[in-house]
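Student: Please see the structure below; I have some questions.
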Amino acid sequence: MIRVTAVHPDSIAAQLGLQLGTELLSVNGKPLEDFLDWEFLSADEEILLHVRQPDGEEIEFEIERPIGEPIGVGLEPPRIRRCANRCDFCFVDGLPEGLRDVLYIRDDDYRLSFRYGNFATLTNLKPNDVRRIIEYRLSPLYVSVHATDPTIRRYLLRNPTAPEILPQLRQFAEHGIQFHTQVVMSPGVNDGPVLQQTLEDLYEFGPTILDCSIVPVGLTEFSKHHLVREPTRQECEAAIALVERRAEQARAERGMSWAFGADELYLRAGVPLPPADFYDGFDQVENGVGAVRWLEQRLGTMDARLQAWSGRRIAVITGTAMAQLMPMVLERLAERSDSQFELIPVVNSLFGPSVTTAGLLPGTAVQAALRGRSDLDLALIPGESLNDEGVFIDGMMLELLRASVPMEVRPSKDFVDALEEPVGA
């Protein structure tokens, strides 16, 4: 059973008289567990929908509708599957106390992997979950492999009962499921020969494994530093060498790079980023893989719209990692828009200076960087630092930031998304 939280006007649901709080019980006699069941079972042109209205009345509706026309309901979010692992580099363990409760949820949910591209380990799957993945063809999934060696993977996950990942992937591969994979590289554990073996094992799956990214472990001041450390420059260089050798083989054999290092891996190694055509369409850009090259490509679509910023003074807020690469982007923007850009790297005051990603910047740190800057017309802040409700990780709301600084503030992930209107004089 799932509950209705919204009924869209002029929809089939509104015509049927469904209300907020209506319980959707089954479609064609099959019980509804969550949004996956609803989306797949209600996709037919003709369905039999069994509901329970808020007053307790149960009704069955025979629905006929053109294929693709939505029923028109919003559903309550599913109960998130909790993580069964206790990784030393877990993001939740690196959080300080006193943040919003939702941030402390350890999620490891294959449904969110399919819907949103969240990485899951597949260690908490029950037989019914396996059946649903196969039956609904939930592909591609995003999987944190970390290591294909079962002993090392269990050590990394701190989960002695974690199933072996290769048989799991093989079972799904037999039913046409594909995967984007990642390795969070913990130095001295799953780098070196272990990483080489992991890349080889995954590559041997052929088209089932769409790609594999290597992301260096990232820690905050609150992480388990006595158990895990960040990789050195030399260790990152060695990992890049393994990745690029595998990518060279993949390009020769399959016409694609397949193996990638996250931008952070290259930054820590002091190695130039590969060109844009290395990244096979940027399928893992949300994982920090090829983000800089993707942004450069996006800028190529902006030329006709850049006059909206002409003559303006614009600040670009970012984390200290991207600050090393952003100047080349801003030089290009300045030339094409006839604007003045100022890069403002912000040190993370919540997690400590070792956390350099823009997406984890707290609102208070952004506010401190912009307060009193009346010489600026616009500040672009990282769009990924806000959740869907416009809240920073430290709980500050975007509207509060806007009210407390003297310039216009716009969230942006790629500059293009901030060009919807001219900047005020």
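By convention here, the chains of the structure tokens are called A, B, ... in the order presented, each chain's residues are numbered starting at 1, and ligands are numbered starting at 1 in the order presented.
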Might you pull out every residue within 10 Å of Val217 in chain A, with only C-alpha atoms counted and same-chain residues fewer than 4 positions away left off, and present them as a PyMOL selection string?

Tutor: chain A and resi 88-90+183-187+228-231+264-265

Student: Please dump the current selection as an mmCIF file, in the first residue's frame; keep N, CA, C and O atoms.

Tutor:
data_model
loop_
_atom_site.group_PDB
_atom_site.id
_atom_site.type_symbol
_atom_site.label_atom_id
_atom_site.label_comp_id
_atom_site.auth_asym_id
_atom_site.auth_seq_id
_atom_site.Cartn_x
_atom_site.Cartn_y
_atom_site.Cartn_z
ATOM 1 N N ASP A 88 34.691 2.599 6.885
ATOM 2 C CA ASP A 88 35.499 3.563 7.629
ATOM 3 C C ASP A 88 35.398 4.964 7.029
ATOM 4 O O ASP A 88 35.574 5.961 7.735
ATOM 5 N N PHE A 89 35.122 5.037 5.729
ATOM 6 C CA PHE A 89 35.051 6.335 5.047
ATOM 7 C C PHE A 89 33.609 6.812 4.869
ATOM 8 O O PHE A 89 33.344 7.718 4.081
ATOM 9 N N CYS A 90 32.683 6.240 5.622
ATOM 10 C CA CYS A 90 31.264 6.576 5.480
ATOM 11 C C CYS A 90 31.039 8.077 5.672
ATOM 12 O O CYS A 90 31.528 8.681 6.636
ATOM 13 N N VAL A 183 34.677 2.630 -7.591
ATOM 14 C CA VAL A 183 35.593 2.184 -6.549
ATOM 15 C C VAL A 183 35.978 3.407 -5.740
ATOM 16 O O VAL A 183 36.564 4.348 -6.289
ATOM 17 N N VAL A 184 35.607 3.451 -4.467
ATOM 18 C CA VAL A 184 36.134 4.478 -3.572
ATOM 19 C C VAL A 184 37.476 3.957 -3.075
ATOM 20 O O VAL A 184 37.545 2.955 -2.368
ATOM 21 N N MET A 185 38.540 4.630 -3.483
ATOM 22 C CA MET A 185 39.889 4.118 -3.271
ATOM 23 C C MET A 185 40.414 4.485 -1.890
ATOM 24 O O MET A 185 40.610 5.657 -1.566
ATOM 25 N N SER A 186 40.612 3.459 -1.063
ATOM 26 C CA SER A 186 41.195 3.621 0.264
ATOM 27 C C SER A 186 42.645 3.169 0.194
ATOM 28 O O SER A 186 42.925 1.984 -0.039
ATOM 29 N N PRO A 187 43.585 4.092 0.341
ATOM 30 C CA PRO A 187 44.994 3.738 0.103
ATOM 31 C C PRO A 187 45.480 2.636 1.036
ATOM 32 O O PRO A 187 45.153 2.598 2.222
ATOM 33 N N VAL A 228 41.416 5.087 8.591
ATOM 34 C CA VAL A 228 41.515 5.331 7.150
ATOM 35 C C VAL A 228 42.184 6.678 6.926
ATOM 36 O O VAL A 228 42.050 7.589 7.735
ATOM 37 N N ARG A 229 42.926 6.793 5.827
ATOM 38 C CA ARG A 229 43.581 8.050 5.480
ATOM 39 C C ARG A 229 43.328 8.357 4.009
ATOM 40 O O ARG A 229 42.919 7.489 3.226
ATOM 41 N N GLU A 230 43.574 9.604 3.639
ATOM 42 C CA GLU A 230 43.430 10.007 2.251
ATOM 43 C C GLU A 230 44.688 9.628 1.475
ATOM 44 O O GLU A 230 45.783 9.557 2.047
ATOM 45 N N PRO A 231 44.578 9.379 0.180
ATOM 46 C CA PRO A 231 45.744 8.958 -0.610
ATOM 47 C C PRO A 231 46.726 10.087 -0.826
ATOM 48 O O PRO A 231 46.360 11.263 -0.884
ATOM 49 N N GLU A 264 38.820 14.726 -8.811
ATOM 50 C CA GLU A 264 39.555 14.865 -7.563
ATOM 51 C C GLU A 264 40.825 14.031 -7.565
ATOM 52 O O GLU A 264 41.847 14.427 -7.003
ATOM 53 N N LEU A 265 40.777 12.871 -8.210
ATOM 54 C CA LEU A 265 41.964 12.019 -8.296
ATOM 55 C C LEU A 265 43.072 12.736 -9.065
ATOM 56 O O LEU A 265 44.243 12.712 -8.663
#

Student: Could you tell me which of A:Leu380, A:Phe222, A:Leu273, A:Ile240 comes closest to Arg402 in chain A if we count only C-alpha atoms?

Tutor: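 Of A:Leu380, A:Phe222, A:Leu273, A:Ile240, the one nearest Arg402 in chain A, counting only C-alpha atoms, is A:Leu380.
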
Student: What's the 10 Å shell around Arg336 in chain A, counting only C-alpha atoms, without same-chain residues fewer than 3 positions away, as a PyMOL selection string?

Tutor: chain A and resi 299+302-307+309-310+330-333+339

Student: Between A:Asp277, A:Asp263, A:Asp109, A:Glu97, single out the one closest to Met322 in chain A, counting only C-alpha atoms.

Tutor: A:Asp263

Student: Within 9 Å of range 41-44 of chain A, counting only C-alpha atoms, which residues qualify if same-chain residues fewer than 5 places away don't, as a list in words?

Tutor: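 Within the cut-off, the hits are Ser26, Val27, Asn28, Lys30, Leu32, Leu36, Leu49, Glu64, Arg65, Pro66, Ile67, Gly68, Glu69, Pro70 and Ile71 of chain A.
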
Student: For the selection you just gave me, I'd like the residues written to a file as a short mmCIF file (atom, residue, chain, number, x, y, z; two decimals), in the first residue's frame, keeping all heavy atoms.

Tutor:
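Output file result_13.cif is given in full below:
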data_model
loop_
_atom_site.label_atom_id
_atom_site.label_comp_id
_atom_site.auth_asym_id
_atom_site.auth_seq_id
_atom_site.Cartn_x
_atom_site.Cartn_y
_atom_site.Cartn_z
N SER A 26 -3.81 -1.92 -4.77
CA SER A 26 -3.36 -2.89 -5.77
C SER A 26 -3.70 -2.42 -7.16
O SER A 26 -4.59 -1.58 -7.36
CB SER A 26 -4.00 -4.27 -5.52
OG SER A 26 -5.40 -4.23 -5.76
N VAL A 27 -2.99 -2.94 -8.14
CA VAL A 27 -3.29 -2.75 -9.55
C VAL A 27 -3.39 -4.12 -10.20
O VAL A 27 -2.49 -4.95 -10.07
CB VAL A 27 -2.18 -1.92 -10.24
CG1 VAL A 27 -2.39 -1.92 -11.76
CG2 VAL A 27 -2.17 -0.49 -9.72
N ASN A 28 -4.55 -4.37 -10.83
CA ASN A 28 -4.81 -5.67 -11.46
C ASN A 28 -4.60 -6.82 -10.48
O ASN A 28 -4.09 -7.88 -10.84
CB ASN A 28 -3.92 -5.86 -12.70
CG ASN A 28 -4.20 -4.82 -13.77
OD1 ASN A 28 -5.32 -4.29 -13.86
ND2 ASN A 28 -3.21 -4.51 -14.58
N LYS A 30 -2.52 -7.01 -8.03
CA LYS A 30 -1.17 -7.13 -7.47
C LYS A 30 -0.94 -6.03 -6.44
O LYS A 30 -1.11 -4.85 -6.75
CB LYS A 30 -0.12 -7.04 -8.59
CG LYS A 30 -0.19 -8.19 -9.58
CD LYS A 30 0.90 -8.11 -10.62
CE LYS A 30 0.85 -9.28 -11.58
NZ LYS A 30 1.93 -9.21 -12.60
N LEU A 32 0.53 -3.16 -4.05
CA LEU A 32 1.49 -2.09 -4.30
C LEU A 32 2.35 -1.89 -3.05
O LEU A 32 1.84 -1.64 -1.97
CB LEU A 32 0.75 -0.79 -4.63
CG LEU A 32 -0.08 -0.81 -5.92
CD1 LEU A 32 -0.92 0.45 -6.01
CD2 LEU A 32 0.81 -0.95 -7.14
N LEU A 36 7.88 1.91 -7.34
CA LEU A 36 8.25 1.03 -8.45
C LEU A 36 7.06 0.21 -8.91
O LEU A 36 6.77 0.11 -10.11
CB LEU A 36 9.40 0.11 -8.03
CG LEU A 36 10.79 0.71 -7.94
CD1 LEU A 36 11.78 -0.36 -7.49
CD2 LEU A 36 11.22 1.31 -9.26
N LEU A 49 -7.77 -0.56 -10.61
CA LEU A 49 -7.13 0.07 -9.45
C LEU A 49 -8.01 -0.08 -8.22
O LEU A 49 -9.17 0.34 -8.22
CB LEU A 49 -6.87 1.55 -9.74
CG LEU A 49 -6.33 2.39 -8.58
CD1 LEU A 49 -4.97 1.88 -8.12
CD2 LEU A 49 -6.25 3.86 -8.98
N GLU A 64 -9.32 3.28 -18.26
CA GLU A 64 -8.81 3.22 -19.63
C GLU A 64 -8.24 4.60 -19.96
O GLU A 64 -8.91 5.61 -19.77
CB GLU A 64 -9.92 2.86 -20.61
CG GLU A 64 -10.51 1.47 -20.39
CD GLU A 64 -11.55 1.12 -21.45
OE1 GLU A 64 -11.61 1.84 -22.47
OE2 GLU A 64 -12.30 0.16 -21.24
N ARG A 65 -7.04 4.62 -20.46
CA ARG A 65 -6.43 5.91 -20.79
C ARG A 65 -5.40 5.71 -21.89
O ARG A 65 -4.88 4.60 -22.10
CB ARG A 65 -5.77 6.54 -19.56
CG ARG A 65 -4.90 5.65 -18.68
CD ARG A 65 -3.48 5.52 -19.15
NE ARG A 65 -2.71 4.57 -18.35
CZ ARG A 65 -1.92 4.93 -17.36
NH1 ARG A 65 -1.79 6.19 -17.05
NH2 ARG A 65 -1.23 4.00 -16.72
N PRO A 66 -5.12 6.77 -22.66
CA PRO A 66 -4.09 6.66 -23.69
C PRO A 66 -2.75 6.30 -23.06
O PRO A 66 -2.43 6.76 -21.96
CB PRO A 66 -4.06 8.06 -24.31
CG PRO A 66 -5.38 8.67 -23.96
CD PRO A 66 -5.76 8.09 -22.63
N ILE A 67 -1.99 5.48 -23.74
CA ILE A 67 -0.69 5.09 -23.20
C ILE A 67 0.17 6.33 -22.99
O ILE A 67 0.23 7.22 -23.83
CB ILE A 67 0.01 4.09 -24.16
CG1 ILE A 67 1.03 3.26 -23.40
CG2 ILE A 67 0.64 4.79 -25.33
CD1 ILE A 67 0.45 2.19 -22.55
N GLY A 68 0.79 6.40 -21.85
CA GLY A 68 1.65 7.53 -21.55
C GLY A 68 0.97 8.64 -20.78
O GLY A 68 1.66 9.50 -20.20
N GLU A 69 -0.36 8.69 -20.75
CA GLU A 69 -1.04 9.72 -19.97
C GLU A 69 -0.97 9.36 -18.49
O GLU A 69 -1.40 8.29 -18.08
CB GLU A 69 -2.50 9.87 -20.39
CG GLU A 69 -3.23 10.95 -19.60
CD GLU A 69 -4.68 11.11 -20.02
OE1 GLU A 69 -5.05 10.60 -21.10
OE2 GLU A 69 -5.45 11.74 -19.28
N PRO A 70 -0.43 10.24 -17.66
CA PRO A 70 -0.28 9.90 -16.24
C PRO A 70 -1.61 9.85 -15.53
O PRO A 70 -2.57 10.53 -15.92
CB PRO A 70 0.61 11.02 -15.71
CG PRO A 70 0.35 12.17 -16.62
CD PRO A 70 0.10 11.57 -17.98
N ILE A 71 -1.66 9.06 -14.46
CA ILE A 71 -2.86 9.02 -13.63
C ILE A 71 -3.03 10.35 -12.91
O ILE A 71 -4.14 10.84 -12.73
CB ILE A 71 -2.79 7.87 -12.60
CG1 ILE A 71 -2.62 6.52 -13.32
CG2 ILE A 71 -4.03 7.85 -11.71
CD1 ILE A 71 -3.80 6.12 -14.17
#

Student: Pull the alpha helix (DSSP H) assignments for range 124-365 of chain A out of DSSP run on the backbone, and list those residues as a PyMOL selection string.

Tutor: chain A and resi 127-135+150-157+165-173+192-203+233-254+263-269+291-299+326-337+363-365
